[in-house]
Structures are given as C-alpha cells and as structure tokens.
file upload.txt (compact mmCIF, C-alpha atoms)
# COMPACT_ATOMS: atom_id res chain seq x y z
CA MET A 1 -36.08 15.05 -10.04
CA SER A 2 -37.15 16.91 -13.21
CA SER A 3 -35.54 20.20 -14.25
CA ALA A 4 -38.80 22.01 -13.56
CA ARG A 5 -38.91 20.61 -10.04
CA VAL A 6 -35.24 21.51 -9.46
CA ARG A 7 -35.93 25.10 -10.53
CA GLU A 8 -38.83 25.27 -8.11
CA VAL A 9 -36.71 23.92 -5.25
CA ILE A 10 -33.91 26.37 -6.07
CA ARG A 11 -36.24 29.39 -6.04
CA GLN A 12 -37.84 28.27 -2.79
CA CYS A 13 -34.48 27.65 -1.08
CA LEU A 14 -33.05 30.99 -2.21
CA SER A 15 -36.14 32.77 -0.92
CA GLU A 16 -35.97 31.04 2.45
CA ALA A 17 -32.23 31.59 2.77
CA GLN A 18 -32.62 35.34 2.25
CA SER A 19 -35.88 36.12 3.99
CA SER A 20 -36.40 33.53 6.71
CA ASP A 21 -36.49 34.80 10.29
CA SER A 22 -35.47 31.33 11.40
CA HIS A 23 -31.75 30.56 11.43
CA GLU A 24 -32.61 26.86 11.27
CA ALA A 25 -34.77 27.33 8.16
CA GLU A 26 -32.06 29.42 6.51
CA GLN A 27 -29.48 26.73 7.24
CA LYS A 28 -31.75 23.96 5.96
CA ALA A 29 -32.40 25.83 2.70
CA LEU A 30 -28.68 26.26 2.07
CA GLN A 31 -27.98 22.62 2.94
CA THR A 32 -30.51 21.63 0.30
CA LEU A 33 -28.72 23.77 -2.29
CA VAL A 34 -25.40 22.20 -1.31
CA SER A 35 -26.89 18.74 -1.82
CA ILE A 36 -28.49 19.36 -5.20
CA THR A 37 -25.37 21.04 -6.63
CA LYS A 38 -22.82 18.60 -5.23
CA VAL A 39 -22.91 15.99 -7.99
CA SER A 40 -25.11 17.34 -10.78
CA PRO A 41 -23.59 19.72 -13.38
CA LEU A 42 -27.10 20.38 -14.71
CA ASN A 43 -28.35 21.47 -11.29
CA ARG A 44 -25.37 23.79 -10.94
CA ASN A 45 -26.23 25.45 -14.23
CA LEU A 46 -29.88 25.77 -13.21
CA LEU A 47 -28.89 27.51 -9.99
CA ALA A 48 -26.38 29.78 -11.73
CA LEU A 49 -29.02 30.81 -14.27
CA THR A 50 -31.56 31.65 -11.57
CA GLU A 51 -31.89 35.43 -11.42
CA GLY A 52 -30.02 36.94 -8.49
CA ALA A 53 -28.75 33.58 -7.22
CA ILE A 54 -24.99 34.20 -7.31
CA PRO A 55 -25.16 37.73 -5.79
CA ALA A 56 -27.42 36.33 -3.05
CA LEU A 57 -24.98 33.51 -2.29
CA LEU A 58 -22.08 35.95 -2.19
CA THR A 59 -23.99 38.14 0.29
CA LEU A 60 -24.82 35.11 2.43
CA SER A 61 -21.16 34.06 2.38
CA LYS A 62 -20.43 37.28 4.27
CA SER A 63 -22.83 36.34 7.08
CA SER A 64 -21.68 36.70 10.67
CA SER A 65 -22.92 33.13 11.17
CA ASN A 66 -20.07 30.73 10.57
CA ILE A 67 -22.29 27.89 9.36
CA ILE A 68 -24.19 30.15 6.92
CA GLN A 69 -20.89 31.43 5.55
CA ILE A 70 -19.52 27.90 5.10
CA LEU A 71 -22.68 26.61 3.40
CA SER A 72 -22.80 29.57 1.01
CA LEU A 73 -19.13 29.16 0.11
CA SER A 74 -19.70 25.44 -0.39
CA ILE A 75 -22.47 26.15 -2.91
CA LEU A 76 -20.24 28.60 -4.78
CA PHE A 77 -17.49 25.96 -4.79
CA ASN A 78 -19.90 23.39 -6.23
CA LEU A 79 -20.86 25.84 -8.97
CA SER A 80 -17.19 26.42 -9.77
CA LEU A 81 -16.79 22.74 -10.66
CA ASN A 82 -18.59 23.47 -13.93
CA PRO A 83 -15.89 24.76 -16.33
CA ASP A 84 -18.30 27.15 -18.05
CA LEU A 85 -19.11 28.89 -14.74
CA LYS A 86 -15.55 29.55 -13.56
CA GLN A 87 -15.05 32.82 -15.44
CA SER A 88 -18.31 34.45 -14.35
CA LEU A 89 -17.82 33.40 -10.73
CA ALA A 90 -14.36 34.94 -10.55
CA ASP A 91 -15.47 38.57 -10.46
CA ILE A 92 -13.47 41.08 -8.47
CA GLU A 93 -15.99 41.29 -5.63
CA THR A 94 -15.87 37.53 -5.07
CA ILE A 95 -12.08 37.47 -5.22
CA HIS A 96 -11.77 40.29 -2.68
CA HIS A 97 -14.17 38.48 -0.37
CA LEU A 98 -12.14 35.27 -0.63
CA ASN A 99 -9.02 37.32 0.04
CA SER A 100 -10.56 38.69 3.24
CA ILE A 101 -11.27 35.15 4.49
CA ILE A 102 -7.72 34.01 3.71
CA ALA A 103 -6.27 37.13 5.36
CA THR A 104 -8.00 36.44 8.68
CA LEU A 105 -8.63 32.67 8.72
CA ASN A 106 -10.97 33.15 11.68
CA SER A 107 -12.72 29.88 10.88
CA GLU A 108 -10.90 26.66 10.02
CA GLU A 109 -13.65 25.38 7.74
CA SER A 110 -14.30 28.73 6.04
CA GLY A 111 -10.59 28.98 5.29
CA ARG A 112 -10.59 25.52 3.75
CA VAL A 113 -13.64 26.11 1.57
CA ALA A 114 -12.48 29.59 0.49
CA SER A 115 -9.04 28.23 -0.45
CA SER A 116 -10.65 25.36 -2.36
CA LEU A 117 -12.81 27.85 -4.25
CA VAL A 118 -9.74 29.91 -5.16
CA CYS A 119 -8.02 26.76 -6.43
CA SER A 120 -11.05 25.71 -8.46
CA LEU A 121 -11.52 29.12 -10.06
CA ALA A 122 -7.78 29.40 -10.78
CA MET A 123 -7.90 26.22 -12.87
CA LEU A 124 -9.24 28.43 -15.65
CA ASP A 125 -6.15 30.12 -17.06
CA LYS A 126 -8.05 33.35 -17.76
CA ASN A 127 -8.71 33.69 -14.02
CA LYS A 128 -5.11 33.30 -12.83
CA ALA A 129 -4.11 36.88 -13.59
CA LYS A 130 -7.23 38.22 -11.84
CA PHE A 131 -6.09 36.71 -8.55
CA GLY A 132 -2.59 38.09 -9.07
CA VAL A 133 -3.89 41.62 -9.62
CA ALA A 134 -6.20 41.33 -6.60
CA GLY A 135 -3.34 40.47 -4.21
CA THR A 136 -4.28 36.84 -3.56
CA ILE A 137 -0.72 35.58 -4.10
CA GLN A 138 0.71 37.76 -1.34
CA LEU A 139 -2.02 36.73 1.09
CA LEU A 140 -1.48 33.03 0.39
CA VAL A 141 2.28 33.30 0.92
CA LYS A 142 1.78 35.27 4.13
CA ALA A 143 -0.69 32.69 5.44
CA ILE A 144 1.63 29.80 4.56
CA ALA A 145 4.60 31.55 6.19
CA GLY A 146 2.64 32.29 9.37
CA PRO A 147 1.74 30.00 12.26
CA ARG A 148 0.63 26.60 10.96
CA CYS A 149 -3.14 26.50 10.43
CA PRO A 150 -5.45 23.58 9.57
CA ALA A 151 -6.19 25.07 6.14
CA VAL A 152 -2.52 25.14 5.07
CA HIS A 153 -2.84 22.21 2.67
CA HIS A 154 -5.68 23.98 0.85
CA LEU A 155 -3.65 27.21 0.80
CA LEU A 156 -0.71 25.35 -0.76
CA SER A 157 -2.96 23.80 -3.40
CA SER A 158 -4.33 27.23 -4.34
CA LEU A 159 -0.82 28.66 -4.62
CA ALA A 160 0.26 25.67 -6.73
CA GLU A 161 -2.49 26.39 -9.23
CA LEU A 162 -1.91 30.14 -9.35
CA VAL A 163 1.89 30.11 -9.85
CA ARG A 164 1.52 28.21 -13.11
CA PHE A 165 1.05 31.72 -14.53
CA HIS A 166 4.40 33.50 -14.90
CA GLY A 167 3.23 36.82 -13.49
CA ASN A 168 1.96 35.12 -10.34
CA CYS A 169 5.24 33.24 -9.98
CA THR A 170 7.07 36.58 -9.96
CA LEU A 171 4.73 37.93 -7.29
CA ALA A 172 5.15 34.82 -5.15
CA VAL A 173 8.96 34.90 -5.31
CA ARG A 174 9.04 38.60 -4.44
CA GLU A 175 6.78 37.91 -1.46
CA GLY A 176 9.22 35.30 -0.12
CA ALA A 177 7.41 32.14 -1.24
CA VAL A 178 10.61 30.12 -1.66
CA GLN A 179 11.70 30.71 1.93
CA ALA A 180 8.19 30.07 3.26
CA LEU A 181 7.88 26.80 1.35
CA ILE A 182 11.33 25.61 2.41
CA GLN A 183 10.25 26.18 6.02
CA VAL A 184 7.22 23.96 5.49
CA VAL A 185 9.41 21.26 3.89
CA GLU A 186 11.75 21.32 6.88
CA SER A 187 9.00 21.35 9.49
CA THR A 188 7.82 18.21 11.27
CA ASP A 189 4.10 18.89 10.69
CA GLY A 190 3.65 16.18 8.08
CA GLU A 191 5.27 14.87 4.92
CA ASP A 192 2.10 15.44 2.90
CA LEU A 193 2.55 19.19 3.41
CA ALA A 194 6.20 18.86 2.43
CA GLY A 195 5.24 17.05 -0.75
CA THR A 196 2.80 19.77 -1.80
CA SER A 197 5.31 22.50 -0.89
CA LEU A 198 7.96 20.82 -3.05
CA LEU A 199 5.46 20.69 -5.92
CA VAL A 200 4.96 24.46 -5.63
CA LEU A 201 8.74 25.01 -5.46
CA ALA A 202 9.20 22.97 -8.63
CA LEU A 203 6.53 25.06 -10.36
CA LEU A 204 8.28 28.26 -9.26
CA ALA A 205 11.59 26.89 -10.54
CA ARG A 206 10.19 26.63 -14.08
CA PHE A 207 10.72 30.38 -14.34
CA ASP A 208 14.01 32.25 -13.88
CA GLU A 209 12.85 34.16 -10.80
CA GLY A 210 11.98 31.00 -8.91
CA LEU A 211 15.06 29.07 -9.99
CA ASN A 212 17.38 31.94 -9.04
CA ALA A 213 15.71 32.22 -5.62
CA LEU A 214 16.22 28.49 -5.07
CA ARG A 215 19.88 28.68 -6.09
CA LYS A 216 20.44 31.48 -3.60
CA THR A 217 18.89 29.45 -0.77
CA ASP A 218 21.58 28.37 1.68
CA GLN A 219 22.40 24.65 1.43
CA ILE A 220 19.58 24.07 -1.06
CA VAL A 221 21.15 20.93 -2.54
CA SER A 222 21.73 19.44 0.90
CA LYS A 223 18.14 20.27 1.88
CA MET A 224 16.76 18.47 -1.16
CA VAL A 225 19.01 15.45 -0.59
CA ASP A 226 17.70 15.30 2.99
CA VAL A 227 14.17 15.05 1.53
CA LEU A 228 15.29 12.06 -0.56
CA LYS A 229 16.03 10.26 2.71
CA GLY A 230 12.40 10.50 3.84
CA ARG A 231 9.55 8.06 3.33
CA CYS A 232 7.06 10.19 1.37
CA MET A 233 7.33 9.34 -2.33
CA LEU A 234 5.60 12.58 -3.38
CA SER A 235 8.29 14.51 -1.52
CA LYS A 236 11.03 12.47 -3.16
CA GLU A 237 9.58 13.17 -6.58
CA GLY A 238 9.44 16.89 -5.83
CA ALA A 239 12.98 17.01 -4.47
CA ALA A 240 14.33 15.07 -7.46
CA ASP A 241 12.51 17.43 -9.83
CA ILE A 242 14.05 20.45 -8.12
CA LEU A 243 17.54 18.89 -8.10
CA LEU A 244 17.28 18.23 -11.83
CA LEU A 245 16.31 21.86 -12.50
CA LEU A 246 19.22 23.03 -10.33
CA PHE A 247 21.66 20.68 -12.06
CA GLU A 248 20.59 21.90 -15.49
CA GLU A 249 21.21 25.48 -14.42
CA SER A 250 24.38 25.13 -12.37
CA GLU A 251 27.29 22.70 -12.40
CA GLY A 252 28.09 24.04 -8.96
CA CYS A 253 24.94 22.33 -7.71
CA VAL A 254 26.11 19.06 -9.26
CA ARG A 255 29.40 19.49 -7.45
CA ASP A 256 27.61 20.15 -4.15
CA ALA A 257 25.51 17.00 -4.53
CA LEU A 258 28.40 14.72 -5.38
CA ARG A 259 30.30 15.89 -2.33
CA LEU A 260 27.54 14.55 -0.10
CA PRO A 261 28.52 11.01 0.98
CA ASP A 262 25.04 9.46 0.69
CA PHE A 263 23.81 11.15 -2.49
CA SER A 264 24.83 8.42 -4.91
CA THR A 265 23.33 5.70 -2.71
CA LEU A 266 20.03 7.56 -2.47
CA ILE A 267 19.79 7.99 -6.24
CA ALA A 268 20.57 4.30 -6.74
CA ASP A 269 17.89 3.31 -4.24
CA ILE A 270 15.22 5.55 -5.80
CA SER A 271 16.08 4.30 -9.30
CA VAL A 272 15.18 0.79 -8.11
CA ARG A 273 12.53 1.20 -5.42
CA GLY A 274 10.90 4.53 -6.22
CA SER A 275 7.59 5.24 -7.92
CA ALA A 276 7.51 5.31 -11.71
CA ARG A 277 7.99 9.07 -11.77
CA ALA A 278 10.69 8.97 -9.07
CA ARG A 279 12.59 6.31 -11.05
CA GLU A 280 12.31 8.48 -14.15
CA MET A 281 13.69 11.50 -12.28
CA ALA A 282 16.51 9.40 -10.79
CA ALA A 283 17.48 8.23 -14.28
CA LEU A 284 17.58 11.84 -15.51
CA LEU A 285 19.67 12.87 -12.51
CA LEU A 286 22.08 10.02 -13.17
CA LYS A 287 22.38 10.97 -16.84
CA LYS A 288 23.05 14.58 -15.90
CA ILE A 289 25.77 13.50 -13.50
CA LEU A 290 27.40 11.09 -15.96
CA ASP A 291 27.37 13.79 -18.63
CA ALA A 292 29.28 16.09 -16.29
CA ASP A 293 33.04 16.08 -15.77
CA LEU A 294 33.02 13.82 -12.73
CA ASP A 295 36.79 13.94 -12.29
CA SER A 296 36.41 17.58 -11.30
CA TYR A 297 33.73 16.89 -8.72
CA VAL A 298 34.08 13.48 -7.11
CA ASP A 299 36.67 13.02 -4.39
CA GLY A 300 37.08 9.32 -3.81
CA ASN A 301 33.40 8.52 -4.40
CA PRO A 302 33.49 5.26 -6.42
CA MET A 303 29.74 4.80 -6.73
CA PHE A 304 29.22 6.41 -10.12
CA SER A 305 32.31 4.83 -11.65
CA GLN A 306 30.56 1.49 -11.04
CA TRP A 307 27.38 2.45 -12.90

call {"tool": "encode", "arguments": {"input": "upload.txt", "output": "structure tokens"}}
result
Amino acid sequence: MSSARVREVIRQCLSEAQSSDSHEAEQKALQTLVSITKVSPLNRNLLALTEGAIPALLTLSKSSSNIIQILSLSILFNLSLNPDLKQSLADIETIHHLNSIIATLNSEESGRVASSLVCSLAMLDKNKAKFGVAGTIQLLVKAIAGPRCPAVHHLLSSLAELVRFHGNCTLAVREGAVQALIQVVESTDGEDLAGTSLLVLALLARFDEGLNALRKTDQIVSKMVDVLKGRCMLSKEGAADILLLLFEESEGCVRDALRLPDFSTLIADISVRGSARAREMAALLLKKILDADLDSYVDGNPMFSQW
C-alpha cells in the first residue's frame, strides 16, 4: 500500500472512529488502525503526523466501551514502538490517564495494554522521571502489592523499566516495593512472576536505598537461597544476583549463607548445570566466599575446603 493510500485510510478511519453513530463501524475503523500500525514504522509515523490523531486516540481511550478503550490504547502502544515518538506520546495528560487505568484495573486487557504502554514509553530515559513525578511508581507498587491480578506481569515489567532511574528507585522503596516484590517471590502463583520480581529487586539493589531495604528484610539470605532450590532459571539468576550484591555489602550476609546446610551444594550445582549467566553468578559468589575469612563463618561445613 502506497504512503498516499495509507494517509487516506488513516484519515478515513479517524473520521469514522470519532463521528460514526455505529459502534461496529467505530470498532472496525480502530481495528484497521491497529493493523496498519502493528508492524510498519512508516505507517506509525504517518498516523502520528496526521493532524489531531493522537489527541483523538487519547480521547477514544477514555471511552466507556471496553473494546474501544483497548483498541485505542493498542494503537498508542504501536506508535510508542517508534523511538522518535516516545517523547511526544509521554505527555502529562496521557500519563495521568494511564495512571487512572492502573489505579482501578477494571478491565484485565486494558490494564495489560496500559501497563505495556507505560513500559514502552519508559524505555526512553527522558520519560522515566515524568512517570515518577506523576505518581506512576506508587500506583504500580500498590497494584503489585494488592490482590493478584492478570496484568501483574505487565505491571512488574513497567516497574522494572522505571526503577532504572535512581529517583524512581527511591520512590519505589519508600512505597514498600521490596516487601511487595518479596511477597510475589514467595507466592505460589508462578515462577515466571517470581523471576521478574527478582529482576526488579536486583535493579533496586543497585542503589543504596534498595540494597539497605533488602538487608533489613527478615531472613533475606535464606529467602534467596530457597529460590535457588527452585526450577526456574530466571529466578535462580535473579536470586544469585541479589546474593552477590548482599555479599559485597555485608560479610554478615556471607556468614548467614554459609550457615545454611545446603547453600554450598546449591552453588556447586548451579555452577555446573545452570544457564550461562547463572554459572557466571555462581562463580562470582564462590570467589566472594573464598575471599572471605571462612574460618570465622563455617562450622564444620567441608564443602568449600574441597573446592
């Protein structure tokens, strides 16, 4: 389809989506816009450059019709996949609207698409602070800490992207993100959620606020060692990453780990049978332990003396 034809289709679909008296016609017009912007960066730019297109889509995303809201958000998400559109899409009105969807999560699919849009827009570093100022961090943490919802994986992914900015990490820790994420890790809802939660915890631990909050968590070393016993390799990688950060900060954490009877066996197993990254983390953990004064920590544990 030529660019001229795409422009014509875009104008026609936008007109029908805004003025049609038929819900079916409105839905069909938006579905067409979803389709033409799904894979083509050029089509996304053509839609974004169409006068009044983005404000119209934002208005439609506030529709009382669930399907119209989802389709409009999906189009905005498609547009956000173009790096040069991320900054202009992340205006304060759009962010507040996304916040309102996350705060209520009345619709499973709307929550997923809104969270995905937040994550996509936050990939531009200049946008991260905007979400922090707008209160998105607090809403994400509250939603993650609340009753488990189908959109939780998307919420976790959005938080993971946003806390790469130090100011957002501070906000998340103050809001209780560490405790909320630990609860997800310890839940039985699925190891994929635990793996993503551990990724966010490791990102928080890069900054002093997050690392201090982890250190103050009761039995944190034991909790991470318990994760190493699981089957999910992503979770093991995350737990090993967090243990390494704790070990670098506190010899007390090293002592706590070495007092656990199965810790050394778990590290040995991961160093042989883990993923490439897990084996790398296990090697770093082992080096950290061997560099420590083991005589002060190990009570009759011969495992490390053999290595």

call {"tool": "atom_distance", "arguments": {"input": "upload.txt", "atom1": "atom CA of Ser275 of chain A", "atom2": "atom CA of Ala205 of chain A"}}
result
22.2 Å

call {"tool": "atom_distance", "arguments": {"input": "upload.txt", "atom1": "atom CA of Gly195 of chain A", "atom2": "atom CA of Ala143 of chain A"}}
result
17.8 Å

call {"tool": "atom_distance", "arguments": {"input": "upload.txt", "atom1": "atom CA of Phe165 of chain A", "atom2": "atom CA of Leu124 of chain A"}}
result
10.9 Å

call {"tool": "residues_near_point", "arguments": {"input": "upload.txt", "point": "(-2.9, 23.4, 3.9)", "cutoff": "9 Å", "atoms": "only C-alpha atoms", "output": "NGL selection string"}}
result
:A and (112 or 115 or 144 or 148-157 or 193 or 196)

call {"tool": "residues_around", "arguments": {"input": "upload.txt", "residues": "segment 80-95 of chain A", "least_positions_apart": "4", "cutoff": "12 Å", "atoms": "all atoms listed in the file", "output": "PDB file with C-alpha atoms, in the coordinates of the input"}}
result
ATOM      1  CA  THR A  37     -25.370  21.040  -6.630  1.00  0.00           C
ATOM      2  CA  LYS A  38     -22.820  18.600  -5.230  1.00  0.00           C
ATOM      3  CA  VAL A  39     -22.910  15.990  -7.990  1.00  0.00           C
ATOM      4  CA  SER A  40     -25.110  17.340 -10.780  1.00  0.00           C
ATOM      5  CA  PRO A  41     -23.590  19.720 -13.380  1.00  0.00           C
ATOM      6  CA  LEU A  42     -27.100  20.380 -14.710  1.00  0.00           C
ATOM      7  CA  ASN A  43     -28.350  21.470 -11.290  1.00  0.00           C
ATOM      8  CA  ARG A  44     -25.370  23.790 -10.940  1.00  0.00           C
ATOM      9  CA  ASN A  45     -26.230  25.450 -14.230  1.00  0.00           C
ATOM     10  CA  LEU A  46     -29.880  25.770 -13.210  1.00  0.00           C
ATOM     11  CA  LEU A  47     -28.890  27.510  -9.990  1.00  0.00           C
ATOM     12  CA  ALA A  48     -26.380  29.780 -11.730  1.00  0.00           C
ATOM     13  CA  LEU A  49     -29.020  30.810 -14.270  1.00  0.00           C
ATOM     14  CA  ALA A  53     -28.750  33.580  -7.220  1.00  0.00           C
ATOM     15  CA  ILE A  54     -24.990  34.200  -7.310  1.00  0.00           C
ATOM     16  CA  PRO A  55     -25.160  37.730  -5.790  1.00  0.00           C
ATOM     17  CA  ALA A  56     -27.420  36.330  -3.050  1.00  0.00           C
ATOM     18  CA  LEU A  57     -24.980  33.510  -2.290  1.00  0.00           C
ATOM     19  CA  LEU A  58     -22.080  35.950  -2.190  1.00  0.00           C
ATOM     20  CA  THR A  59     -23.990  38.140   0.290  1.00  0.00           C
ATOM     21  CA  LEU A  60     -24.820  35.110   2.430  1.00  0.00           C
ATOM     22  CA  SER A  61     -21.160  34.060   2.380  1.00  0.00           C
ATOM     23  CA  LYS A  62     -20.430  37.280   4.270  1.00  0.00           C
ATOM     24  CA  LEU A  73     -19.130  29.160   0.110  1.00  0.00           C
ATOM     25  CA  SER A  74     -19.700  25.440  -0.390  1.00  0.00           C
ATOM     26  CA  ILE A  75     -22.470  26.150  -2.910  1.00  0.00           C
ATOM     27  CA  LEU A  76     -20.240  28.600  -4.780  1.00  0.00           C
ATOM     28  CA  ASN A  99      -9.020  37.320   0.040  1.00  0.00           C
ATOM     29  CA  SER A 100     -10.560  38.690   3.240  1.00  0.00           C
ATOM     30  CA  ILE A 101     -11.270  35.150   4.490  1.00  0.00           C
ATOM     31  CA  ILE A 102      -7.720  34.010   3.710  1.00  0.00           C
ATOM     32  CA  VAL A 113     -13.640  26.110   1.570  1.00  0.00           C
ATOM     33  CA  ALA A 114     -12.480  29.590   0.490  1.00  0.00           C
ATOM     34  CA  SER A 115      -9.040  28.230  -0.450  1.00  0.00           C
ATOM     35  CA  SER A 116     -10.650  25.360  -2.360  1.00  0.00           C
ATOM     36  CA  LEU A 117     -12.810  27.850  -4.250  1.00  0.00           C
ATOM     37  CA  VAL A 118      -9.740  29.910  -5.160  1.00  0.00           C
ATOM     38  CA  CYS A 119      -8.020  26.760  -6.430  1.00  0.00           C
ATOM     39  CA  SER A 120     -11.050  25.710  -8.460  1.00  0.00           C
ATOM     40  CA  LEU A 121     -11.520  29.120 -10.060  1.00  0.00           C
ATOM     41  CA  ALA A 122      -7.780  29.400 -10.780  1.00  0.00           C
ATOM     42  CA  MET A 123      -7.900  26.220 -12.870  1.00  0.00           C
ATOM     43  CA  LEU A 124      -9.240  28.430 -15.650  1.00  0.00           C
ATOM     44  CA  ASP A 125      -6.150  30.120 -17.060  1.00  0.00           C
ATOM     45  CA  LYS A 126      -8.050  33.350 -17.760  1.00  0.00           C
ATOM     46  CA  ASN A 127      -8.710  33.690 -14.020  1.00  0.00           C
ATOM     47  CA  LYS A 128      -5.110  33.300 -12.830  1.00  0.00           C
ATOM     48  CA  ALA A 129      -4.110  36.880 -13.590  1.00  0.00           C
ATOM     49  CA  LYS A 130      -7.230  38.220 -11.840  1.00  0.00           C
ATOM     50  CA  PHE A 131      -6.090  36.710  -8.550  1.00  0.00           C
ATOM     51  CA  GLY A 132      -2.590  38.090  -9.070  1.00  0.00           C
ATOM     52  CA  VAL A 133      -3.890  41.620  -9.620  1.00  0.00           C
ATOM     53  CA  ALA A 134      -6.200  41.330  -6.600  1.00  0.00           C
ATOM     54  CA  GLY A 135      -3.340  40.470  -4.210  1.00  0.00           C
ATOM     55  CA  THR A 136      -4.280  36.840  -3.560  1.00  0.00           C
ATOM     56  CA  ILE A 137      -0.720  35.580  -4.100  1.00  0.00           C
ATOM     57  CA  LEU A 139      -2.020  36.730   1.090  1.00  0.00           C
TER      58      LEU A 139
END

call {"tool": "residues_around", "arguments": {"input": "upload.txt", "residues": "Ser222 of chain A", "least_positions_apart": "5", "cutoff": "10 Å", "atoms": "only C-alpha atoms", "output": "CSV table (one decimal) with C-alpha atoms, in the coordinates of the input"}}
result
chain,number,residue,atom,x,y,z
A,227,VAL,CA,14.2,15.0,1.5
A,228,LEU,CA,15.3,12.1,-0.6
A,243,LEU,CA,17.5,18.9,-8.1
A,253,CYS,CA,24.9,22.3,-7.7
A,256,ASP,CA,27.6,20.2,-4.2
A,257,ALA,CA,25.5,17.0,-4.5
A,259,ARG,CA,30.3,15.9,-2.3
A,260,LEU,CA,27.5,14.6,-0.1
A,263,PHE,CA,23.8,11.2,-2.5

call {"tool": "residues_around", "arguments": {"input": "upload.txt", "residues": "Gly210 of chain A", "least_positions_apart": "3", "cutoff": "12 Å", "atoms": "all atoms listed in the file", "output": "JSON list (two decimals) with C-alpha atoms, in the frame of the given file"}}
result
[["chain", "number", "residue", "atom", "x", "y", "z"],
["A", 163, "VAL", "CA", 1.89, 30.11, -9.85],
["A", 164, "ARG", "CA", 1.52, 28.21, -13.11],
["A", 166, "HIS", "CA", 4.40, 33.50, -14.90],
["A", 167, "GLY", "CA", 3.23, 36.82, -13.49],
["A", 168, "ASN", "CA", 1.96, 35.12, -10.34],
["A", 169, "CYS", "CA", 5.24, 33.24, -9.98],
["A", 170, "THR", "CA", 7.07, 36.58, -9.96],
["A", 171, "LEU", "CA", 4.73, 37.93, -7.29],
["A", 172, "ALA", "CA", 5.15, 34.82, -5.15],
["A", 173, "VAL", "CA", 8.96, 34.90, -5.31],
["A", 174, "ARG", "CA", 9.04, 38.60, -4.44],
["A", 175, "GLU", "CA", 6.78, 37.91, -1.46],
["A", 176, "GLY", "CA", 9.22, 35.30, -0.12],
["A", 177, "ALA", "CA", 7.41, 32.14, -1.24],
["A", 178, "VAL", "CA", 10.61, 30.12, -1.66],
["A", 179, "GLN", "CA", 11.70, 30.71, 1.93],
["A", 181, "LEU", "CA", 7.88, 26.80, 1.35],
["A", 200, "VAL", "CA", 4.96, 24.46, -5.63],
["A", 201, "LEU", "CA", 8.74, 25.01, -5.46],
["A", 202, "ALA", "CA", 9.20, 22.97, -8.63],
["A", 203, "LEU", "CA", 6.53, 25.06, -10.36],
["A", 204, "LEU", "CA", 8.28, 28.26, -9.26],
["A", 205, "ALA", "CA", 11.59, 26.89, -10.54],
["A", 206, "ARG", "CA", 10.19, 26.63, -14.08],
["A", 207, "PHE", "CA", 10.72, 30.38, -14.34],
["A", 213, "ALA", "CA", 15.71, 32.22, -5.62],
["A", 214, "LEU", "CA", 16.22, 28.49, -5.07],
["A", 215, "ARG", "CA", 19.88, 28.68, -6.09],
["A", 216, "LYS", "CA", 20.44, 31.48, -3.60],
["A", 217, "THR", "CA", 18.89, 29.45, -0.77],
["A", 242, "ILE", "CA", 14.05, 20.45, -8.12],
["A", 245, "LEU", "CA", 16.31, 21.86, -12.50],
["A", 246, "LEU", "CA", 19.22, 23.03, -10.33]]

call {"tool": "axis_aligned_box", "arguments": {"input": "upload.txt", "around": "segment 87-99 of chain A", "padding_each_side": "3 Å", "output": "JSON"}}
result
{"center_x": -13.7, "center_y": 37.1, "center_z": -7.7, "size_x": 15.3, "size_y": 14.5, "size_z": 21.5}

call {"tool": "closest_residue", "arguments": {"input": "upload.txt", "among": "A:Leu33, A:Leu159, A:Ile67, A:Leu211", "to": "Glu8 of chain A", "atoms": "all atoms listed in the file"}}
result
A:Leu33

call {"tool": "build_atoms", "arguments": {"input": "upload.txt", "residues": "segment 148-152 of chain A", "atoms": "all heavy atoms", "output": "mmCIF file, keeping the file's coordinate frame"}}
result
data_model
loop_
_atom_site.group_PDB
_atom_site.id
_atom_site.type_symbol
_atom_site.label_atom_id
_atom_site.label_comp_id
_atom_site.auth_asym_id
_atom_site.auth_seq_id
_atom_site.Cartn_x
_atom_site.Cartn_y
_atom_site.Cartn_z
ATOM 1 N N ARG A 148 1.290 27.671 11.694
ATOM 2 C CA ARG A 148 0.630 26.600 10.960
ATOM 3 C C ARG A 148 -0.857 26.541 11.287
ATOM 4 O O ARG A 148 -1.266 26.542 12.446
ATOM 5 C CB ARG A 148 1.285 25.264 11.296
ATOM 6 C CG ARG A 148 0.916 24.151 10.341
ATOM 7 C CD ARG A 148 1.468 24.351 8.908
ATOM 8 N NE ARG A 148 2.922 24.244 8.886
ATOM 9 C CZ ARG A 148 3.711 25.249 8.542
ATOM 10 N NH1 ARG A 148 3.206 26.425 8.185
ATOM 11 N NH2 ARG A 148 5.008 25.095 8.532
ATOM 12 N N CYS A 149 -1.686 26.539 10.255
ATOM 13 C CA CYS A 149 -3.140 26.500 10.430
ATOM 14 C C CYS A 149 -3.703 25.260 9.741
ATOM 15 O O CYS A 149 -3.074 24.715 8.831
ATOM 16 C CB CYS A 149 -3.774 27.771 9.869
ATOM 17 S SG CYS A 149 -3.656 27.911 8.074
ATOM 18 N N PRO A 150 -4.880 24.800 10.155
ATOM 19 C CA PRO A 150 -5.450 23.580 9.570
ATOM 20 C C PRO A 150 -5.724 23.676 8.065
ATOM 21 O O PRO A 150 -5.820 22.656 7.389
ATOM 22 C CB PRO A 150 -6.768 23.405 10.348
ATOM 23 C CG PRO A 150 -6.552 24.125 11.639
ATOM 24 C CD PRO A 150 -5.690 25.297 11.280
ATOM 25 N N ALA A 151 -5.867 24.904 7.561
ATOM 26 C CA ALA A 151 -6.190 25.070 6.140
ATOM 27 C C ALA A 151 -4.950 25.140 5.258
ATOM 28 O O ALA A 151 -5.061 25.386 4.052
ATOM 29 C CB ALA A 151 -7.021 26.339 5.946
ATOM 30 N N VAL A 152 -3.755 24.903 5.823
ATOM 31 C CA VAL A 152 -2.520 25.140 5.070
ATOM 32 C C VAL A 152 -2.428 24.281 3.818
ATOM 33 O O VAL A 152 -1.920 24.741 2.786
ATOM 34 C CB VAL A 152 -1.283 24.945 5.977
ATOM 35 C CG1 VAL A 152 -1.142 23.491 6.422
ATOM 36 C CG2 VAL A 152 -0.013 25.401 5.271
#
